[in-house]
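One structure below.
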Number of protein chains: 2
Amino acid sequence: MNLGLAALRFFSGVPDAVRDALLSGGHEKRYAKGDLLFMQDTPADKLFIVIDGWVKIYRTTPQGEEAVLALLKTGDAFGEASIFGHSLYPVSATAAEDAAVFEIPGHLLRAQAKASHEVMARVMDSMSRDLRNLQMENEHLALMSAPQRVGCLLLQFSSGTAGAGGSFTLPYDKSLAAARLGMKPETFSRALQALKPVGVSVDGPRVTVASFGALVDYCCTHCSALPGECPGAREGCDRAATCPGKKFIKISDK
Amino acid sequence: MNLGLAALRFFSGVPDAVRDALLSGGHEKRYAKGDLLFMQDTPADKLFIVIDGWVKIYRTTPQGEEAVLALLKTGDAFGEASIFGHSLYPVSATAAEDAAVFEIPGHLLRAQAKASHEVMARVMDSMSRDLRNLQMENEHLALMSAPQRVGCLLLQFSSGTAGAGGSFTLPYDKSLAAARLGMKPETFSRALQALKPVGVSVDGPRVTVASFGALVDYCCTHCSALPGECPGAREGCDRAATCPGKKFIKISDK
DNA sequence: TCCGCCGCTTGACTTCCGTCAAGGCTGCAA
DNA sequence: TTGCAGCCTTGACGGAAGTCAAGCGGCGGA
């Protein structure tokens, strides 16, 4: 069996036999940028796990507007909730960049879940991860300004970078990043400019952050995530240290 | 056993023996408006089911700002994800109005879930409901104006009302409603005024909607929910009929 | 090679919403 | 009754983000 696949987060803790059954019952599929994986309100018959690339999860309104609900990367699973609950996908999915995806038939997953408690645990784990991400997203939209949301995204991208500062390449289009953050491309572009005083410089898709700490100070104080919860809050940038307020949360009810 | 409790959505489809075990192992508790149920980042040891009243789910940032993630009413369950996944509550909860809540110890729920597949199914059902609600919330924040979001909320409140129009009383404070919709109280107040041309009139906590259809036309075209998914989209207000665009969703990728 | 498309940026303008401040209404307690 | 606190509304103002439009630059196709 494919070694890379077996190492995916989704299979951690799952007994070898069950994992192999899932792997041999499913298959890898490649999608070119823009290809459709599935459309909202169509029957949900597959679980997807991103092997490589980026997958856009979104919904479309009658007006043709599009809300990007998530951008998934290597290791992320989606479609779990639909396989076990409602029988229709509540969202659409396309490849945001060229992507490789592992697809597991729903009936197989359900069968294995019945047999193995660990599969169920993995599915619930994946769902609660989604839940937390959406909660954070909500909070960001309600409480943070556009430049702050952009800064938060940059911190997430830079979480693989070493050192107190670093540079990296945006993994997908800026206009897509804008949509994901609930803003227009123009606003995204201006927000990047607005981050210059905090030490962010941009050259095309290449972004350089002079000091992660400064960027954390700029945006993370408006977010309730603890250092451990947020992919952007890195070691050395422990907000509990930089922000004493964290210790003084007051329940505002009389 | 309490008849009202057994009828709660959470127990539908659960074998009588399992249900009774959960009911006798838990207990009902009453909270006055403002009382704290639990605080974010504390150990999650209970599942809660709202029997009556309203419960506010929220998070607090280092700056002291508060993001209201959900307002739960009769039949809604919360804490499920934490019982099975992470061991800490990712959110805080207080009573938004005087509330009665049924509390089931986490270890009992886990034990019963292992024994009964139906309990697991109920938990997942509850989680996927949360997931969908948060997705919708995100979409609303990103795509709809303040008056449109307020209109959507009014439609949800009026879903129990008969007729083409109707009136009802807001079940909780306007300032809380504002926070839930990600806006300030002043904006909420002005948004209500802005809905006057669409047939909404307000007198204190009493709201009268002249025509649900008109209100649906005003706000629901910017929302991707299908009539069946949205608590606000009532029979007789089928947007699939009023909005032909629903049939022409175009995948915007090249 | 040149052309045209697409993604991005920039500028000017408008609109929406948050902020600040004042005032009204209701309910409660002294 | 009077006073006060909390909630809500209203007005004036400012700032943030959306809209519209123009223009740049890279890339792929003809």
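Chain identifiers are assigned as A, B, and so on, following the order in which chains appear in the structure tokens; residues are numbered from 1 within each chain, and ligands are numbered from 1 in order of appearance.
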TODO: Enumerate, as a PyMOL selection string, the complete set of residues in region 11-189 of chain A that a backbone-based DSSP assignment places in strand (DSSP E).
DONE: chain A and resi 27-31+36-38+46-52+55-60+66-72+77-78+92-95+99-105+166-169
Open item on the list: With only C-alpha atoms (C1' of nucleotides) considered, list every residue of chain A at most 10 Å from chain C, as a PyMOL selection string.
Closed with: chain A and resi 173-175+185-186+189-190+204
Writing out the chosen residues with C-alpha atoms as a PDB file, in the first residue's frame:
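What landed in again_20.pdb:
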```
ATOM      1  CA  ASP A 173      -4.349  32.971  -5.976  1.00  0.00           C
ATOM      2  CA  LYS A 174      -4.665  36.193  -4.043  1.00  0.00           C
ATOM      3  CA  SER A 175      -8.206  36.640  -5.247  1.00  0.00           C
ATOM      4  CA  PRO A 185      -9.496  41.263  -4.143  1.00  0.00           C
ATOM      5  CA  GLU A 186      -8.960  45.026  -4.056  1.00  0.00           C
ATOM      6  CA  SER A 189      -4.356  43.948  -2.044  1.00  0.00           C
ATOM      7  CA  ARG A 190      -4.692  47.117   0.019  1.00  0.00           C
ATOM      8  CA  GLY A 204       4.130  39.060  -6.380  1.00  0.00           C
TER       9      GLY A 204
END
```
Taking 2 positions as the minimum chain separation for residues in the same chain, which residues sit within 10 Å of Leu71 (chain A) when counting only C-alpha atoms (C1' of nucleotides)? Answer as a PDB file with C-alpha atoms, in the first residue's frame.
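Listed below is the output, selection-v7.pdb:
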```
ATOM      1  CA  TRP A  54      -5.612  22.709  -2.438  1.00  0.00           C
ATOM      2  CA  VAL A  55      -9.344  22.111  -2.543  1.00  0.00           C
ATOM      3  CA  LYS A  56     -11.882  24.902  -2.326  1.00  0.00           C
ATOM      4  CA  ILE A  57     -15.094  24.291  -0.379  1.00  0.00           C
ATOM      5  CA  TYR A  58     -17.781  26.813  -1.168  1.00  0.00           C
ATOM      6  CA  VAL A  68     -15.595  30.223   0.285  1.00  0.00           C
ATOM      7  CA  LEU A  69     -16.039  28.194   3.465  1.00  0.00           C
ATOM      8  CA  LYS A  73      -4.638  21.118   2.144  1.00  0.00           C
ATOM      9  CA  ASP A  76      -7.567  17.398   5.414  1.00  0.00           C
ATOM     10  CA  ALA A  93     -15.801  21.520  -4.021  1.00  0.00           C
ATOM     11  CA  THR A  94     -13.291  22.323  -6.759  1.00  0.00           C
ATOM     12  CA  ALA A  95      -9.539  22.095  -7.040  1.00  0.00           C
ATOM     13  CA  ALA A  96      -8.138  25.510  -6.092  1.00  0.00           C
ATOM     14  CA  TYR A 172      -3.014  29.900  -4.201  1.00  0.00           C
ATOM     15  CA  LEU A 176      -9.036  33.239  -3.783  1.00  0.00           C
ATOM     16  CA  ALA A 177      -7.398  34.160  -0.497  1.00  0.00           C
ATOM     17  CA  ARG A 180     -11.723  32.945   1.766  1.00  0.00           C
TER      18      ARG A 180
END
```
Contacts of Glu80 (chain A) at 8 Å or less, counting only C-alpha atoms (C1' of nucleotides), minus same-chain residues fewer than 6 places along, as an mmCIF file with N, CA and C atoms, in the first residue's frame?
```
data_model
loop_
_atom_site.group_PDB
_atom_site.id
_atom_site.type_symbol
_atom_site.label_atom_id
_atom_site.label_comp_id
_atom_site.auth_asym_id
_atom_site.auth_seq_id
_atom_site.Cartn_x
_atom_site.Cartn_y
_atom_site.Cartn_z
ATOM 1 N N LEU A 47 -16.006 9.903 0.660
ATOM 2 C CA LEU A 47 -15.192 10.706 1.563
ATOM 3 C C LEU A 47 -13.921 11.081 0.803
ATOM 4 N N VAL A 123 -13.438 10.130 12.290
ATOM 5 C CA VAL A 123 -14.442 10.933 11.601
ATOM 6 C C VAL A 123 -14.911 12.056 12.512
ATOM 7 N N SER A 126 -12.300 14.690 12.832
ATOM 8 C CA SER A 126 -12.259 15.533 11.643
ATOM 9 C C SER A 126 -13.403 16.548 11.662
ATOM 10 N N MET A 127 -14.576 16.092 12.078
ATOM 11 C CA MET A 127 -15.711 17.005 12.142
ATOM 12 C C MET A 127 -15.511 18.090 13.190
#
```
Open item on the list: At a cut-off of 12 Å, which residues of chain D touch chain B? Count only C-alpha atoms (C1' of nucleotides) and give the answer as a PyMOL selection string.
Closed with: chain D and resi 6-11+18
Closest pair table for chain B residues within 6 Å of chain A, only C-alpha atoms, as a Markdown table:
```
| residue | atom | partner | partner_atom | distance |
| --- | --- | --- | --- | --- |
| B:Gly34 | CA | A:Asp253 | CA | 5.1 |
| B:Thr60 | CA | A:Ser224 | CA | 5.5 |
| B:Thr61 | CA | A:Ser224 | CA | 4.0 |
| B:Pro62 | CA | A:Lys246 | CA | 4.8 |
| B:Ala67 | CA | A:Glu139 | CA | 5.6 |
| B:Ala81 | CA | A:Ser128 | CA | 5.8 |
| B:Gly85 | CA | A:Asp125 | CA | 5.8 |
| B:Asp125 | CA | A:Gly85 | CA | 5.8 |
| B:Ser128 | CA | A:Ala81 | CA | 5.8 |
| B:Leu131 | CA | A:Leu131 | CA | 5.8 |
| B:Asn138 | CA | A:Asn138 | CA | 5.7 |
| B:Glu139 | CA | A:Ala67 | CA | 5.6 |
| B:Ala142 | CA | A:Gly182 | CA | 4.9 |
| B:Gly182 | CA | A:Ala142 | CA | 4.9 |
| B:Thr221 | CA | A:Pro62 | CA | 5.5 |
| B:His222 | CA | A:Thr61 | CA | 5.6 |
| B:Cys223 | CA | A:Thr61 | CA | 5.1 |
| B:Ser224 | CA | A:Thr61 | CA | 4.0 |
| B:Gly245 | CA | A:Pro62 | CA | 5.0 |
| B:Lys246 | CA | A:Pro62 | CA | 4.9 |
| B:Asp253 | CA | A:Gly34 | CA | 5.1 |
```
I need the residues from that last selection saved to file as a CSV table (one decimal), in the first residue's frame (with N, CA and C atoms), if you can.
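Saved the output as again.csv:
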```csv
chain,number,residue,atom,x,y,z
B,34,GLY,N,-28.1,35.1,32.5
B,34,GLY,CA,-26.7,35.5,32.9
B,34,GLY,C,-25.9,34.5,33.6
B,60,THR,N,-14.4,34.7,24.0
B,60,THR,CA,-13.9,36.0,24.4
B,60,THR,C,-12.5,36.2,23.9
B,61,THR,N,-12.1,37.4,23.4
B,61,THR,CA,-10.8,37.6,22.9
B,61,THR,C,-10.0,38.3,24.0
B,62,PRO,N,-8.7,38.3,23.9
B,62,PRO,CA,-7.8,39.0,24.9
B,62,PRO,C,-8.2,40.4,25.1
B,67,ALA,N,-17.5,37.2,20.8
B,67,ALA,CA,-18.1,36.7,19.6
B,67,ALA,C,-19.2,35.7,19.9
B,81,ALA,N,-19.2,17.6,20.8
B,81,ALA,CA,-17.9,17.5,20.2
B,81,ALA,C,-16.8,17.4,21.2
B,85,GLY,N,-14.2,14.4,21.5
B,85,GLY,CA,-12.9,14.8,20.9
B,85,GLY,C,-12.0,15.4,22.0
B,125,ASP,N,-25.3,13.6,14.2
B,125,ASP,CA,-26.3,14.4,13.6
B,125,ASP,C,-26.3,15.8,14.2
B,128,SER,N,-23.3,17.7,12.9
B,128,SER,CA,-23.4,18.2,11.5
B,128,SER,C,-24.4,19.3,11.4
B,131,LEU,N,-22.4,22.3,12.3
B,131,LEU,CA,-21.5,22.6,11.2
B,131,LEU,C,-22.3,23.4,10.1
B,138,ASN,N,-21.3,32.0,8.4
B,138,ASN,CA,-20.2,32.5,7.7
B,138,ASN,C,-20.6,33.2,6.4
B,139,GLU,N,-21.4,32.5,5.7
B,139,GLU,CA,-21.8,33.0,4.4
B,139,GLU,C,-22.6,34.3,4.6
B,142,ALA,N,-20.3,37.2,5.3
B,142,ALA,CA,-19.5,37.5,4.2
B,142,ALA,C,-20.3,38.2,3.0
B,182,GLY,N,-23.2,39.6,14.5
B,182,GLY,CA,-22.0,40.3,14.2
B,182,GLY,C,-22.1,41.7,13.9
B,221,THR,N,-32.2,36.0,-1.3
B,221,THR,CA,-31.5,35.8,-2.6
B,221,THR,C,-30.0,35.9,-2.4
B,222,HIS,N,-29.6,36.4,-1.3
B,222,HIS,CA,-28.1,36.5,-1.0
B,222,HIS,C,-27.6,35.3,-0.2
B,223,CYS,N,-28.4,34.3,0.0
B,223,CYS,CA,-28.1,33.2,0.8
B,223,CYS,C,-28.2,31.9,0.0
B,224,SER,N,-27.3,31.0,0.2
B,224,SER,CA,-27.3,29.8,-0.6
B,224,SER,C,-28.2,28.7,-0.1
B,245,GLY,N,-33.0,31.8,-10.4
B,245,GLY,CA,-31.5,31.7,-10.4
B,245,GLY,C,-31.0,30.4,-9.8
B,246,LYS,N,-31.8,30.0,-8.8
B,246,LYS,CA,-31.4,28.7,-8.1
B,246,LYS,C,-31.1,27.6,-9.1
B,253,ASP,N,-15.6,28.2,-12.6
B,253,ASP,CA,-14.2,27.9,-12.9
B,253,ASP,C,-14.0,27.7,-14.4
```
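In this structure, CA of Glu118 (chain B) sits 26.9 Å away from CA of Leu37 (chain B).
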Open item on the list: Could you list, as a ChimeraX atom specification, every residue within 7 Å of region 148-155 of chain B, counting only C-alpha atoms (C1' of nucleotides) and ignoring same-chain residues fewer than 3 positions away?
Closed with: /B:140,144-145,158-159,181,191,215,218-219,232
Written file, previous selection with C-alpha atoms, as a compact mmCIF listing (two decimals), in the first residue's frame:
```
# COMPACT_ATOMS: atom_id res chain seq x y z
CA HIS B 140 -24.19 35.57 5.88
CA MET B 144 -25.18 39.93 3.33
CA SER B 145 -25.76 43.47 4.60
CA SER B 158 -41.51 33.76 12.48
CA SER B 159 -41.24 30.19 11.24
CA LEU B 181 -25.41 38.75 13.85
CA ALA B 191 -31.38 47.88 10.35
CA LEU B 215 -39.01 39.70 3.35
CA TYR B 218 -35.35 40.96 0.28
CA CYS B 219 -32.82 38.79 2.06
CA GLY B 232 -36.66 30.86 7.88
```
Open item on the list: Give me the residues near Leu5 (chain A) as a count of residues only, where near means some atom within 9 Å (using only C-alpha atoms (C1' of nucleotides)) and where sequence neighbours in that chain fewer than 6 positions away do not count.
Closed with: 4
- [ ] Might you pull out every residue within 6 Å of Asp98 (chain A), with only C-alpha atoms (C1' of nucleotides) counted and same-chain residues fewer than 2 positions away left off, and present them as a list of chain:residue names?
- [x] A:Tyr31, A:Ala32, A:Lys33, A:Gly53
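Note that the spacing between CA of Ala21 (chain A) and CA of Gly106 (chain A) amounts to 13.0 Å.
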- [ ] Could you give me the residues within region 11-98 of chain A that DSSP places in alpha helix (DSSP H), as a ChimeraX atom specification?
- [x] /A:16-25,80-84
